[in-house]
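Single-structure report; data block below.
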Amino acid sequence: YNQEFLNMYLVSLLKQHLTDKEFHVLRLSYGLDCEKHSAKEIAAKLGIKGESAYVRVSQLKRQAIDKLIDNVDYSQVVDFL
């Protein structure tokens, strides 16, 4: 598969089903159209403050993944796996 096409497709799925913050957490975590970032780096980029900001990023990541599992039909992504 064309990596650029795959990234564009996944980004469009994320934008369709997730909030802006959830979208950016997953995009930065998995390096979709960018480099991968750590939870602490993501917290800093998104302005999530506090000593446990990285925990909040992890919570948002889990929330976003659960939302995708609930809303995206497996057949929409099975060919890419």
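Identifiers in the structure tokens: chain A, B, ... in order shown; residue index from 1 per chain; ligand index from 1 in order shown.
Near Leu10 in chain A, within 12 Å and counting only C-alpha atoms, sit Gln3, Glu4, Phe5, Leu6, Asn7, Met8, Ser12, Leu13, Leu14, Lys15, Gln16, His17, Leu18, Phe23, Leu26, Arg27, Tyr30, Gly31, Leu32, Asp33, Leu68, Val72, Gln76, Val77, Val78, Phe80 and Leu81 of chain A; same-chain residues fewer than 2 positions away were not included.
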Residue neighbourhood range 41-49 of chain A, 7 Å, only C-alpha atoms, exclusion window fewer than 5 positions, as a PyMOL selection string: chain A and resi 25+28+54+57
If you keep N, CA, C and O atoms, can you produce a file of those selected residues as an mmCIF file, in the first residue's frame?
data_model
loop_
_atom_site.group_PDB
_atom_site.id
_atom_site.type_symbol
_atom_site.label_atom_id
_atom_site.label_comp_id
_atom_site.auth_asym_id
_atom_site.auth_seq_id
_atom_site.Cartn_x
_atom_site.Cartn_y
_atom_site.Cartn_z
ATOM 1 N N VAL A 25 -4.189 13.482 19.663
ATOM 2 C CA VAL A 25 -3.487 12.522 20.524
ATOM 3 C C VAL A 25 -3.120 11.277 19.717
ATOM 4 O O VAL A 25 -1.978 10.815 19.752
ATOM 5 N N LEU A 28 -0.478 12.107 16.821
ATOM 6 C CA LEU A 28 0.879 12.301 17.340
ATOM 7 C C LEU A 28 1.439 11.022 17.966
ATOM 8 O O LEU A 28 2.635 10.748 17.861
ATOM 9 N N TYR A 54 0.702 13.576 31.230
ATOM 10 C CA TYR A 54 0.904 12.404 30.379
ATOM 11 C C TYR A 54 -0.149 11.338 30.653
ATOM 12 O O TYR A 54 -0.534 10.592 29.753
ATOM 13 N N VAL A 57 -3.160 12.303 28.690
ATOM 14 C CA VAL A 57 -2.940 11.945 27.286
ATOM 15 C C VAL A 57 -3.242 10.462 27.085
ATOM 16 O O VAL A 57 -3.908 10.073 26.122
#
Residue set, range 26-58 of chain A restricted to helix (DSSP H, G or I), as a ChimeraX atom specification: /A:26-30,39-46,53-58
Residue nearest Lys40 in chain A among A:Asp66, A:Ser75, A:Arg56, A:Asn2 (counting only C-alpha atoms): A:Arg56
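Picture a line from CA of Asn71 in chain A to CA of Ser52 in chain A; it runs 28.9 Å.
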Two-atom distance - CA of Ile65 in chain A, CA of Glu22 in chain A (Å):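 Interatomic distance here is 8.9 Å.
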Interatomic distance (Å, one decimal) between CA of Cys34 in chain A and CA of Asp73 in chain A: 25.4 Å
